[in-house]
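Enquirer: Structure incoming, see below.
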Amino acid sequence: MSTADILEILLSHDQWATEQILDSCSKLTEAQFHQSFPIGPGSLHDTITHMLGAMQTWTQTLSGKQLGSRVDQDGKKRTLAELQALAKSCYREFALEAHQRPLDEMVSRQRAGKTFQYSRAVVVAHVATHGMHHRAQCLNMLRHLDVKPLPPSSVAEWSRMAAEPPGN
């Protein structure tokens with residue numbers, strides 16, 4: 001992958017950073033994973049589920065499909081393993097859809113009875129920044145749960161780690 005390809009940087013970093021959060025959650029008890037915090041959607045489980053639900057909706061927007069039900073609105077409590085599998089699927093589908101058409105092409109999305117137009121580039125940037133926003137909330141929750149070290153999450157950390165030979 002070229003480190004000059006902004007689409008690949010956004011997609012790869014977003015997935016990697018979420019995987020770092022999910023991996024850190026493996027250190028937690030189930031109660032800690034579901035512990036409520038006065039930030040974002042409320043718990044690590046709910047925040048991660050919200051991120052993935054939003055990604056599914058934006059993937060459907062890019063594909064022009066009718067918006068389906070959201071995984072974060074079905075009330076189901078998922079295990080960490082289920083969320084890890086869902087994340088892999090969501091990131092794979094989003095990346096495939098992001099590459100399907102030119103980024104300057106417009107897509108439509110309805111919300112609250114209004115239709116909005118976005119370029120595909122705006123959708124990709126939104127998904128990446130939305131993910132970063134919620135991962136920051138997850139980092140704060142992990143910090144409050146005394147997880148050490150906190151997982152790496154920045155684009156610079158991703159770039160450094162991707163450049164390191166395995167085992168270093």
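Starting from 1 in every chain, residues are counted up; chains themselves are A, B, ... following the order of the structure tokens, and ligands are numbered from 1 as listed.
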Name the residues of stretch 6-165 of chain A that come out as strand (DSSP E or B) in a backbone DSSP run; write them as number ranges by chain.

Expert: A: 106-111, 114-119

Enquirer: Determine, counting only C-alpha atoms, which protein, DNA and RNA residues have an atom within 10 Å of an atom of A:Lys77; residues of the same chain fewer than 2 positions away are not included. Present the result as a PyMOL selection string.

Expert: chain A and resi 34+45-46+49+72+74-75+79-80+82-83

Enquirer: When you look at A:His134 with a cut-off of 12 Å (counting only C-alpha atoms), what residues show up, excluding the ones that are within fewer than 6 positions of it in the same chain? I need them as a tab-separated table (two decimals) with N, CA and C atoms, in the first residue's frame.

Expert:
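Produced file selection_20.tsv, reproduced below:
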```tsv
chain	number	residue	atom	x	y	z
A	14	ASP	N	-8.39	3.17	9.95
A	14	ASP	CA	-9.66	3.06	10.69
A	14	ASP	C	-9.86	1.63	11.18
A	17	ALA	N	-7.11	0.71	13.89
A	17	ALA	CA	-7.32	1.37	15.19
A	17	ALA	C	-8.49	0.73	15.94
A	18	THR	N	-9.54	0.36	15.24
A	18	THR	CA	-10.66	-0.31	15.89
A	18	THR	C	-10.24	-1.69	16.37
A	21	ILE	N	-8.54	-1.35	19.71
A	21	ILE	CA	-9.50	-1.19	20.81
A	21	ILE	C	-10.10	-2.54	21.16
A	39	ILE	N	-20.35	8.89	28.89
A	39	ILE	CA	-19.72	9.41	27.67
A	39	ILE	C	-20.23	8.59	26.49
A	40	GLY	N	-20.47	9.25	25.39
A	40	GLY	CA	-20.87	8.57	24.16
A	40	GLY	C	-22.05	7.64	24.37
A	41	PRO	N	-22.08	6.53	23.66
A	41	PRO	CA	-23.17	5.56	23.82
A	41	PRO	C	-23.19	4.86	25.18
A	42	GLY	N	-22.14	5.01	26.00
A	42	GLY	CA	-22.23	4.57	27.38
A	42	GLY	C	-21.29	3.47	27.84
A	43	SER	N	-21.01	2.48	27.03
A	43	SER	CA	-20.10	1.39	27.42
A	43	SER	C	-19.21	1.08	26.22
A	44	LEU	N	-18.18	0.32	26.48
A	44	LEU	CA	-17.32	-0.11	25.36
A	44	LEU	C	-18.14	-0.91	24.36
A	45	HIS	N	-18.93	-1.85	24.85
A	45	HIS	CA	-19.78	-2.66	23.97
A	45	HIS	C	-20.69	-1.77	23.13
A	46	ASP	N	-21.39	-0.86	23.79
A	46	ASP	CA	-22.36	-0.03	23.06
A	46	ASP	C	-21.69	0.94	22.10
A	47	THR	N	-20.53	1.46	22.47
A	47	THR	CA	-19.82	2.40	21.60
A	47	THR	C	-19.31	1.69	20.35
A	48	ILE	N	-18.70	0.54	20.54
A	48	ILE	CA	-18.19	-0.23	19.39
A	48	ILE	C	-19.35	-0.67	18.49
A	49	THR	N	-20.43	-1.13	19.11
A	49	THR	CA	-21.59	-1.55	18.33
A	49	THR	C	-22.16	-0.38	17.54
A	50	HIS	N	-22.20	0.80	18.15
A	50	HIS	CA	-22.67	2.00	17.44
A	50	HIS	C	-21.78	2.32	16.24
A	51	MET	N	-20.46	2.25	16.43
A	51	MET	CA	-19.54	2.52	15.32
A	51	MET	C	-19.82	1.58	14.15
A	52	LEU	N	-20.01	0.31	14.45
A	52	LEU	CA	-20.24	-0.68	13.39
A	52	LEU	C	-21.61	-0.49	12.76
A	54	ALA	N	-23.19	2.35	12.42
A	54	ALA	CA	-23.08	3.53	11.55
A	54	ALA	C	-22.34	3.16	10.27
A	127	VAL	N	-16.93	8.43	7.93
A	127	VAL	CA	-16.81	7.15	8.64
A	127	VAL	C	-15.49	7.10	9.41
A	128	ALA	N	-14.41	7.55	8.80
A	128	ALA	CA	-13.11	7.53	9.48
A	128	ALA	C	-13.08	8.47	10.69
A	140	ASN	N	-10.81	6.53	26.64
A	140	ASN	CA	-11.11	7.11	27.95
A	140	ASN	C	-11.73	6.05	28.87
A	141	MET	N	-12.64	5.25	28.34
A	141	MET	CA	-13.24	4.18	29.14
A	141	MET	C	-12.18	3.17	29.57
A	153	SER	N	-3.44	4.24	18.61
A	153	SER	CA	-4.62	4.53	17.78
A	153	SER	C	-4.39	5.59	16.72
```

Enquirer: Find, counting only C-alpha atoms, the residue in A:Leu103, A:Arg135, A:Ser36, A:Thr29 that gets nearest to A:Ile6.

Expert: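 Checking each of A:Leu103, A:Arg135, A:Ser36, A:Thr29 against A:Ile6, counting only C-alpha atoms, the winner is A:Leu103.
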
Enquirer: Using only C-alpha atoms, determine which residues lie at most 12 Å from A:Met106, disregarding the query and same-chain residues fewer than 6 positions distant; provide the list as a ChimeraX atom specification.

Expert: /A:61-64,116-123

Enquirer: Name the residues in contact with A:Ile9 at a cut-off of 12 Å, using only C-alpha atoms, excluding same-chain residues fewer than 4 positions from it; report them as a PyMOL selection string.

Expert: chain A and resi 1-5+13-17+95+124-125+128+154-156+158-159+162

Enquirer: Mind writing the picked residues with C-alpha atoms as a compact mmCIF listing (two decimals), in the first residue's frame?

Expert:
```
# COMPACT_ATOMS: atom_id res chain seq x y z
CA MET A 1 0.00 0.00 0.00
CA SER A 2 1.23 3.47 -0.86
CA THR A 3 1.42 5.83 2.09
CA ALA A 4 0.41 8.56 -0.37
CA ASP A 5 -3.00 7.00 -1.13
CA HIS A 13 -5.99 3.05 9.70
CA ASP A 14 -9.66 3.06 10.69
CA GLN A 15 -9.81 -0.73 10.69
CA TRP A 16 -6.46 -1.14 12.45
CA ALA A 17 -7.32 1.37 15.19
CA ALA A 95 -13.77 -0.88 1.77
CA VAL A 124 -15.41 7.88 3.61
CA ALA A 125 -14.00 10.83 5.58
CA ALA A 128 -13.11 7.53 9.48
CA SER A 154 -3.14 7.43 15.83
CA VAL A 155 -2.34 7.46 12.14
CA ALA A 156 1.33 8.09 13.01
CA TRP A 158 -0.32 2.95 12.57
CA SER A 159 2.27 4.10 10.04
CA ALA A 162 3.09 -0.96 9.64
```

Enquirer: Write out as a PyMOL selection string all residues of chain A that backbone DSSP assigns to helix (DSSP H, G or I).

Expert: chain A and resi 6-25+30-34+44-63+71-73+80-98+120-144+155-163

Enquirer: Rounded to one decimal, what separation in Å do you get between atom CA of A:Lys88 and atom CA of A:His133?

Expert: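 Between atom CA of A:Lys88 and atom CA of A:His133 the gap works out to 19.4 Å.
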
Enquirer: How many Å separate atom CA of A:Thr59 from atom CA of A:Glu93?

Expert: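 Interatomic distance here is 7.1 Å.
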
Enquirer: What gap, in Å, lies between atom CA of A:Ser26 and atom CA of A:Asp146?

Expert: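 Computing the Euclidean distance for atom CA of A:Ser26 and atom CA of A:Asp146 yields 13.4 Å.
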